file final.csv (CSV, C-alpha atoms)
chain,number,residue,atom,x,y,z
A,7,MET,CA,45.4,94.4,97.6
A,8,GLN,CA,44.7,90.7,97.2
A,9,ASP,CA,45.5,88.8,93.9
A,10,ASP,CA,44.3,85.3,92.8
A,11,THR,CA,47.1,83.4,94.6
A,12,GLY,CA,46.1,85.0,97.9
A,13,LEU,CA,49.3,86.9,98.2
A,14,ARG,CA,49.3,90.5,99.3
A,15,THR,CA,50.8,92.9,96.8
A,16,LEU,CA,52.4,96.0,98.1
A,17,THR,CA,52.6,99.0,95.8
A,18,PHE,CA,55.1,101.7,96.4
A,19,THR,CA,54.8,105.1,94.9
A,20,ALA,CA,58.0,107.0,94.7
A,21,THR,CA,57.7,110.7,95.5
A,22,ARG,CA,59.6,113.4,93.8
A,23,GLU,CA,61.8,113.5,96.8
A,24,ASP,CA,62.6,109.8,96.5
A,25,TYR,CA,63.7,110.2,93.0
A,26,ARG,CA,65.8,113.2,93.9
A,27,ILE,CA,67.5,111.3,96.7
A,28,ALA,CA,68.0,108.3,94.5
A,29,TRP,CA,69.7,110.4,91.8
A,30,LEU,CA,72.0,112.2,94.3
A,31,ALA,CA,72.8,108.8,96.0
A,32,ALA,CA,73.7,107.3,92.7
A,33,LEU,CA,76.0,110.2,92.0
A,34,ALA,CA,77.6,109.9,95.4
A,35,ILE,CA,78.0,106.1,95.0
A,36,THR,CA,79.6,106.6,91.6
A,37,ILE,CA,82.2,109.0,93.0
A,38,HIS,CA,82.7,106.8,96.0
A,39,ILE,CA,83.6,103.8,93.8
A,40,ALA,CA,85.7,105.8,91.4
A,41,GLU,CA,87.6,107.2,94.3
A,42,SER,CA,88.2,103.8,95.9
A,43,MET,CA,90.0,102.8,92.7
A,44,LEU,CA,92.4,105.8,92.8
A,45,PRO,CA,95.8,105.1,94.2
A,46,SER,CA,96.2,106.9,97.6
A,47,PRO,CA,99.4,108.4,98.9
A,48,LEU,CA,98.7,106.9,102.3
A,49,PRO,CA,96.4,104.1,103.3
A,50,ARG,CA,93.1,105.3,104.8
A,51,ILE,CA,93.5,108.8,103.4
A,52,LYS,CA,91.3,109.8,100.5
A,53,PRO,CA,89.7,113.0,99.4
A,54,GLY,CA,86.2,112.0,100.2
A,55,LEU,CA,84.8,113.7,97.1
A,56,ALA,CA,81.5,111.8,97.5
A,57,ASN,CA,80.8,114.0,100.4
A,58,VAL,CA,80.5,117.0,98.0
A,59,VAL,CA,77.2,115.4,97.0
A,60,THR,CA,76.2,115.0,100.6
A,61,ILE,CA,76.8,118.7,101.4
A,62,ALA,CA,75.1,119.7,98.1
A,63,ALA,CA,72.1,117.6,99.1
A,64,LEU,CA,72.1,119.3,102.5
A,65,LEU,CA,72.2,122.8,101.0
A,66,LEU,CA,69.7,122.1,98.3
A,67,TYR,CA,67.2,119.8,99.9
A,68,GLY,CA,67.9,119.8,103.7
A,69,TRP,CA,69.3,117.5,106.3
A,70,ARG,CA,67.0,114.5,105.7
A,71,ALA,CA,68.1,114.3,102.1
A,72,ALA,CA,71.8,114.5,103.1
A,73,LEU,CA,71.2,111.7,105.7
A,74,TRP,CA,69.7,109.4,103.1
A,75,VAL,CA,72.4,110.2,100.5
A,76,SER,CA,75.2,109.5,102.8
A,77,LEU,CA,73.8,106.3,104.3
A,78,LEU,CA,72.8,104.9,100.9
A,79,ARG,CA,76.3,105.7,99.6
A,80,VAL,CA,78.0,103.8,102.4
A,81,LEU,CA,75.6,100.8,102.1
A,82,VAL,CA,75.5,100.5,98.3
A,83,GLY,CA,79.1,101.6,97.8
A,84,SER,CA,80.3,98.8,100.2
A,85,ILE,CA,78.1,96.2,98.5
A,86,LEU,CA,79.4,97.1,95.1
A,87,ILE,CA,83.1,97.3,96.2
A,88,GLY,CA,82.7,94.1,98.2
A,89,THR,CA,83.5,95.5,101.6
A,90,PHE,CA,80.0,95.1,103.1
A,91,LEU,CA,80.2,94.2,106.8
A,92,THR,CA,84.0,94.2,106.8
A,93,PRO,CA,86.1,96.5,109.0
A,94,THR,CA,86.3,98.9,106.1
A,95,PHE,CA,82.5,99.1,106.1
A,96,VAL,CA,82.3,99.6,109.8
A,97,LEU,CA,84.8,102.5,109.7
A,98,SER,CA,83.0,104.0,106.7
A,99,LEU,CA,79.6,103.8,108.4
A,100,ALA,CA,81.0,105.3,111.7
A,101,GLY,CA,82.5,108.2,109.7
A,102,ALA,CA,79.3,108.8,107.8
A,103,VAL,CA,77.1,108.7,110.8
A,104,ALA,CA,79.4,111.0,112.8
A,105,ALA,CA,79.6,113.5,109.9
A,106,ILE,CA,75.9,113.6,109.3
A,107,ALA,CA,75.2,114.0,113.1
A,108,VAL,CA,77.7,116.9,113.3
A,109,ILE,CA,76.1,118.5,110.2
A,110,GLY,CA,72.7,118.1,112.0
A,111,LEU,CA,74.1,120.0,114.9
A,112,GLY,CA,75.5,122.7,112.6
A,113,CYS,CA,72.0,123.1,111.1
A,114,LEU,CA,70.7,124.2,114.5
A,115,LEU,CA,73.0,127.2,114.5
A,116,PRO,CA,71.2,130.5,114.6
A,117,GLY,CA,71.6,133.4,112.2
A,118,ARG,CA,73.1,132.7,108.8
A,119,GLY,CA,74.6,129.5,110.1
A,120,LEU,CA,77.2,127.6,108.2
A,121,GLY,CA,78.1,127.8,104.6
A,122,PRO,CA,79.4,124.9,102.4
A,123,ILE,CA,83.0,125.3,103.7
A,124,GLY,CA,82.0,125.2,107.3
A,125,TYR,CA,79.7,122.2,106.8
A,126,SER,CA,82.2,120.3,104.8
A,127,LEU,CA,85.1,121.0,107.2
A,128,LEU,CA,83.0,119.9,110.2
A,129,ALA,CA,81.8,116.8,108.4
A,130,SER,CA,85.3,115.8,107.3
A,131,MET,CA,86.8,116.3,110.8
A,132,ALA,CA,83.9,114.4,112.5
A,133,HIS,CA,84.3,111.7,109.9
A,134,ILE,CA,88.0,111.1,110.7
A,135,ALA,CA,87.5,111.5,114.4
A,136,ALA,CA,84.8,108.8,114.5
A,137,GLN,CA,86.8,106.5,112.2
A,138,PHE,CA,89.9,106.9,114.4
A,139,TYR,CA,87.9,106.2,117.6
A,140,VAL,CA,86.3,103.1,116.1
A,141,ALA,CA,89.6,101.9,114.7
A,142,TYR,CA,91.2,102.4,118.1
A,143,ARG,CA,88.4,100.7,120.1
A,144,LEU,CA,87.7,97.8,117.8
A,145,PHE,CA,90.6,97.0,115.5
A,146,ILE,CA,94.0,98.4,116.7
A,147,PRO,CA,93.9,99.2,120.4
A,148,HIS,CA,97.5,100.4,120.3
A,149,ASP,CA,98.7,103.7,121.6
A,150,ALA,CA,101.0,104.1,118.7
A,151,LEU,CA,97.9,104.7,116.6
A,152,PHE,CA,97.6,108.2,118.1
A,153,GLY,CA,100.8,109.1,116.2
A,154,LEU,CA,98.6,109.0,113.1
A,155,LEU,CA,95.9,111.2,114.4
A,156,PRO,CA,97.6,114.6,113.6
A,157,VAL,CA,98.4,113.5,110.1
A,158,LEU,CA,94.8,112.2,109.5
A,159,MET,CA,93.3,115.4,110.9
A,160,THR,CA,95.5,117.5,108.7
A,161,ALA,CA,94.3,115.6,105.7
A,162,ALA,CA,90.7,115.9,106.9
A,163,VAL,CA,91.1,119.7,107.2
A,164,CYS,CA,92.7,120.1,103.8
A,165,PHE,CA,90.2,117.9,102.0
A,166,GLY,CA,87.3,119.3,104.0
A,167,VAL,CA,88.1,122.8,102.8
A,168,ALA,CA,88.7,121.6,99.3
A,169,SER,CA,85.4,119.8,99.2
A,170,GLY,CA,83.7,122.9,100.6
A,171,LEU,CA,85.2,125.1,97.9
A,172,LEU,CA,83.9,122.6,95.3
A,173,VAL,CA,80.4,122.7,96.8
A,174,GLN,CA,80.5,126.5,96.8
A,175,ALA,CA,81.5,126.6,93.2
A,176,MET,CA,78.7,124.1,92.4
A,177,MET,CA,76.2,126.2,94.2
A,178,LYS,CA,77.2,129.3,92.3
A,179,HIS,CA,76.9,127.3,89.1
A,180,LEU,CA,73.4,126.2,90.1
A,181,ASN,CA,72.6,129.8,90.8
A,182,ARG,CA,71.3,129.1,94.2
A,183,ASP,CA,71.9,130.7,97.5
A,184,ALA,CA,74.5,128.7,99.4
A,185,SER,CA,72.7,128.8,102.7
A,186,PRO,CA,70.1,126.0,103.3
A,187,SER,CA,66.6,127.3,102.8
A,188,ASP,CA,65.0,125.0,105.4
A,189,PRO,CA,67.8,123.2,107.3
A,190,ALA,CA,65.5,121.5,109.8
A,191,THR,CA,63.7,119.3,107.3
B,12,MET,CA,81.8,132.3,103.8
B,13,THR,CA,79.7,133.1,106.9
B,14,ARG,CA,81.0,134.0,110.3
B,15,ALA,CA,80.3,130.5,111.5
B,16,ASP,CA,82.5,129.2,108.7
B,17,TYR,CA,85.4,131.3,109.8
B,18,LEU,CA,84.9,130.1,113.4
B,19,VAL,CA,85.0,126.5,112.3
B,20,LEU,CA,88.1,127.1,110.1
B,21,ALA,CA,89.8,128.9,113.0
B,22,GLY,CA,88.9,126.1,115.4
B,23,ALA,CA,90.3,123.5,112.9
B,24,LEU,CA,93.5,125.4,112.4
B,25,LEU,CA,94.0,125.7,116.2
B,26,LEU,CA,93.3,122.1,116.7
B,27,LEU,CA,96.0,120.9,114.3
B,28,PRO,CA,99.0,122.3,116.2
B,29,TRP,CA,97.6,121.1,119.4
B,30,LEU,CA,97.3,117.6,118.0
B,31,TYR,CA,100.9,117.6,116.7
B,32,ALA,CA,102.1,119.0,120.0
B,33,SER,CA,100.3,116.4,122.1
B,34,PHE,CA,100.8,113.3,120.1
B,35,TRP,CA,104.1,113.7,118.3
B,36,HIS,CA,106.4,114.9,121.1
B,37,ARG,CA,105.7,112.4,123.8
B,38,GLY,CA,108.8,111.5,125.8
B,39,GLY,CA,108.9,107.8,124.9
B,40,ALA,CA,111.8,107.2,127.2
B,41,GLY,CA,111.4,104.1,129.4
B,42,GLU,CA,111.6,104.1,133.1
B,43,GLU,CA,112.6,100.6,134.0
B,44,VAL,CA,113.7,97.3,132.6
B,45,ARG,CA,112.1,94.0,133.0
B,46,ILE,CA,114.4,91.0,132.7
B,47,VAL,CA,112.9,87.5,132.5
B,48,GLY,CA,115.3,84.6,133.1
B,49,SER,CA,115.1,81.0,132.0
B,50,ASP,CA,113.3,80.1,135.2
B,51,GLY,CA,110.6,82.6,134.4
B,52,LYS,CA,111.7,84.8,137.2
B,53,GLU,CA,111.1,88.5,136.6
B,54,THR,CA,113.6,91.1,137.7
B,55,ILE,CA,112.6,94.8,137.5
B,56,ALA,CA,115.4,97.3,137.6
B,57,SER,CA,115.2,101.1,137.4
B,58,LEU,CA,116.8,102.7,134.4
B,59,SER,CA,117.9,105.7,136.4
B,60,GLU,CA,120.3,103.6,138.5
B,61,ASP,CA,123.5,102.5,136.7
B,62,ARG,CA,124.3,98.9,137.5
B,63,GLU,CA,125.4,95.6,136.0
B,64,LEU,CA,123.2,92.6,136.3
B,65,ARG,CA,124.4,89.0,135.8
B,66,VAL,CA,121.6,86.6,134.8
B,67,GLN,CA,122.1,82.9,134.9
B,68,GLY,CA,120.8,80.9,131.9
B,69,PRO,CA,121.1,77.3,130.7
B,70,LEU,CA,124.3,78.2,128.7
B,71,GLY,CA,125.9,80.4,131.3
B,72,THR,CA,125.9,83.9,132.5
B,73,SER,CA,124.6,86.9,130.5
B,74,VAL,CA,125.7,90.3,131.5
B,75,ILE,CA,123.2,93.2,131.3
B,76,GLU,CA,124.4,96.7,131.8
B,77,ILE,CA,122.2,99.7,132.7
B,78,ARG,CA,123.8,103.1,132.2
B,79,ASP,CA,122.5,106.7,131.5
B,80,GLY,CA,118.9,105.5,131.2
B,81,LYS,CA,119.7,102.8,128.7
B,82,ALA,CA,120.1,99.1,129.0
B,83,ARG,CA,122.0,96.5,126.9
B,84,PHE,CA,123.3,93.0,126.8
B,85,VAL,CA,127.1,93.3,127.3
B,86,SER,CA,127.8,89.7,126.8
B,87,SER,CA,126.0,86.4,126.5
B,88,PRO,CA,127.3,82.9,126.1
B,89,CYS,CA,125.2,82.3,123.0
B,90,HIS,CA,126.3,81.6,119.4
B,91,GLY,CA,124.4,84.3,117.5
B,92,GLN,CA,125.0,87.3,119.7
B,93,HIS,CA,121.8,88.9,118.4
B,94,CYS,CA,121.1,90.2,121.9
B,95,VAL,CA,124.4,91.9,122.2
B,96,HIS,CA,124.1,93.4,118.6
B,97,ALA,CA,120.7,94.8,119.5
B,98,GLY,CA,122.6,97.5,121.4
B,99,TRP,CA,121.3,100.0,123.7
B,100,LEU,CA,117.5,100.1,124.5
B,101,HIS,CA,115.9,103.1,126.0
B,102,LEU,CA,112.4,103.6,124.7
B,103,GLY,CA,109.4,102.2,126.4
B,104,GLY,CA,108.4,99.0,124.5
B,105,GLU,CA,111.8,98.2,123.2
B,106,PHE,CA,112.7,94.6,123.6
B,107,THR,CA,115.5,92.1,122.9
B,108,ALA,CA,116.2,88.6,124.0
B,109,CYS,CA,118.9,86.0,124.1
B,110,LEU,CA,116.9,83.0,123.0
B,111,PRO,CA,119.6,80.4,123.4
B,112,ASN,CA,120.2,81.5,127.0
B,113,ARG,CA,116.5,82.1,127.5
B,114,ILE,CA,116.8,85.7,128.9
B,115,SER,CA,114.6,88.6,127.8
B,116,LEU,CA,115.2,92.3,128.3
B,117,ALA,CA,112.3,94.7,127.9
B,118,VAL,CA,112.2,98.5,128.6
B,119,VAL,CA,109.0,99.5,130.2
B,120,GLY,CA,107.6,103.1,130.1
B,121,ARG,CA,105.0,104.7,132.3
B,122,GLU,CA,102.5,102.3,131.0
B,123,LEU,CA,103.1,98.9,129.6
B,124,ARG,CA,103.2,99.2,125.8
B,125,TYR,CA,103.2,96.5,123.2
B,126,ASP,CA,106.6,95.6,121.6
B,127,THR,CA,104.8,94.5,118.4
B,128,ILE,CA,101.3,94.1,117.1
B,129,ASN,CA,99.7,92.3,114.2
B,130,PHE,CA,96.2,92.6,112.9

call {"tool": "encode", "arguments": {"input": "final.csv", "output": "structure tokens"}}
result
Amino acid sequence: MQDDTGLRTLTFTATREDYRIAWLAALAITIHIAESMLPSPLPRIKPGLANVVTIAALLLYGWRAALWVSLLRVLVGSILIGTFLTPTFVLSLAGAVAAIAVIGLGCLLPGRGLGPIGYSLLASMAHIAAQFYVAYRLFIPHDALFGLLPVLMTAAVCFGVASGLLVQAMMKHLNRDASPSDPAT
Amino acid sequence: MTRADYLVLAGALLLLPWLYASFWHRGGAGEEVRIVGSDGKETIASLSEDRELRVQGPLGTSVIEIRDGKARFVSSPCHGQHCVHAGWLHLGGEFTACLPNRISLAVVGRELRYDTINF
């Protein structure tokens, strides 16, 4: 399209899926920010409730939706909190990318595959493993850091299962089957 | 929960004890001591061999004792005596120094670890 000033005008039309992802991402971002304000018993340990939305998006609308929701959450969440491009952001992004990648692998499982608890647990463990690796490689290359790994992983397992149970309850409430209808999309 | 869910959960529950076992019970005991004198000369002595070392500094002689896999400053001609009060060192990475007499004592493990780190 060409208007009077000679500038090209681009028109975007949002699809139903775009709206859906935007709503889910907004929900995840809200939870992400609310959670960042909660006091935490230990630094760098938090429940990761925003991932409930990611897993729900995965089960309801497939892996691509989950990918968008999780990346948008990290990006917009960090801009709103003010940690964009800081070490916190790098760690957050590494965790999110690893989690969504592992979820993607989980989708390839044959048969009934994974349910909300399996996905959530895998995602949370991948999340912490990636964050730990990045923290060790980039920020704190000290062997003593490995002393934290068991604690962090324990927290990841507990919160992963808890988030999974939440998703399961949510799915029941939504009256939907908890297994992804078309995980590849 | 599906069968794959149970497998993931079982894997996670097996991973945790393994993590604790491998990262929380590392024998942190050091193997040798590295003593650096005021002239910058480095002396490395094994912790498994009991001995007494006399190191010359600008103030006089500091005495370092190695016994039962531990090392300490026995005496030093300094005013503060911080080095002597640091007591026995035995873990890799432990460190003390007599700054006035310009002598440092560090315990070194299998690999060189940091004595302190800031970020």

call {"tool": "interface_residues", "arguments": {"input": "final.csv", "of": "chain B", "to": "chain A", "cutoff": "9 Å", "atoms": "all atoms listed in the file", "output": "number ranges by chain"}}
result
B: 12-20, 23-24, 26-32, 34-35, 124-125, 128-130

call {"tool": "closest_residue", "arguments": {"input": "final.csv", "among": "A:Ile106, A:Leu55, A:Ala31, A:Ile37", "to": "A:Leu81", "atoms": "all atoms listed in the file"}}
result
A:Ala31

call {"tool": "closest_residue", "arguments": {"input": "final.csv", "among": "A:Cys113, A:Ser169, A:Asp24, A:His133", "to": "A:Ala100", "atoms": "all atoms listed in the file"}}
result
A:His133

call {"tool": "residues_around", "arguments": {"input": "final.csv", "residues": "stretch 73-82 of chain B", "least_positions_apart": "2", "cutoff": "7 Å", "atoms": "all atoms listed in the file", "output": "list in words"}}
result
Leu58, Ser59, Asp61, Arg62, Glu63, Leu64, Arg65, Val66, Gln67, Gly71, Phe84, Val85, Ser86, Ser87, Pro88, Trp99, Leu100 and His101 of chain B

call {"tool": "write_last_selection", "arguments": {"input": "final.csv", "atoms": "C-alpha atoms", "output": "PDB file, in the coordinates of the input"}}
result
ATOM      1  CA  LEU B  58     116.800 102.700 134.400  1.00  0.00           C
ATOM      2  CA  SER B  59     117.900 105.700 136.400  1.00  0.00           C
ATOM      3  CA  ASP B  61     123.500 102.500 136.700  1.00  0.00           C
ATOM      4  CA  ARG B  62     124.300  98.900 137.500  1.00  0.00           C
ATOM      5  CA  GLU B  63     125.400  95.600 136.000  1.00  0.00           C
ATOM      6  CA  LEU B  64     123.200  92.600 136.300  1.00  0.00           C
ATOM      7  CA  ARG B  65     124.400  89.000 135.800  1.00  0.00           C
ATOM      8  CA  VAL B  66     121.600  86.600 134.800  1.00  0.00           C
ATOM      9  CA  GLN B  67     122.100  82.900 134.900  1.00  0.00           C
ATOM     10  CA  GLY B  71     125.900  80.400 131.300  1.00  0.00           C
ATOM     11  CA  PHE B  84     123.300  93.000 126.800  1.00  0.00           C
ATOM     12  CA  VAL B  85     127.100  93.300 127.300  1.00  0.00           C
ATOM     13  CA  SER B  86     127.800  89.700 126.800  1.00  0.00           C
ATOM     14  CA  SER B  87     126.000  86.400 126.500  1.00  0.00           C
ATOM     15  CA  PRO B  88     127.300  82.900 126.100  1.00  0.00           C
ATOM     16  CA  TRP B  99     121.300 100.000 123.700  1.00  0.00           C
ATOM     17  CA  LEU B 100     117.500 100.100 124.500  1.00  0.00           C
ATOM     18  CA  HIS B 101     115.900 103.100 126.000  1.00  0.00           C
TER      19      HIS B 101
END

call {"tool": "atom_distance", "arguments": {"input": "final.csv", "atom1": "atom CA of B:Pro69", "atom2": "atom CA of B:Thr107"}}
result
17.6 Å

call {"tool": "atom_distance", "arguments": {"input": "final.csv", "atom1": "atom CA of A:Met177", "atom2": "atom CA of A:Leu44"}}
result
26.1 Å

call {"tool": "residues_around", "arguments": {"input": "final.csv", "residues": "stretch 67-76 of chain A", "least_positions_apart": "4", "cutoff": "9 Å", "atoms": "all atoms listed in the file", "output": "ChimeraX atom specification"}}
result
/A:23,26-28,30-32,34-35,56-57,59-63,80-81,102-103,106-107,109-110,113,186-191

call {"tool": "closest_residue", "arguments": {"input": "final.csv", "among": "B:Gly103, B:Gly68, B:Gly98, B:Gly51", "to": "B:Ala117", "atoms": "only C-alpha atoms"}}
result
B:Gly103

call {"tool": "atom_distance", "arguments": {"input": "final.csv", "atom1": "atom CA of A:His179", "atom2": "atom CA of A:Lys52"}}
result
25.4 Å

call {"tool": "closest_residue", "arguments": {"input": "final.csv", "among": "A:Ser42, A:Leu114, A:Leu99, A:Ala105", "to": "A:Ile87", "atoms": "all atoms listed in the file"}}
result
A:Ser42

call {"tool": "residues_around", "arguments": {"input": "final.csv", "residues": "B:Leu110", "least_positions_apart": "2", "cutoff": "10 Å", "atoms": "all atoms listed in the file", "output": "ChimeraX atom specification"}}
result
/B:49,68,89,91-94,107-108,112-115
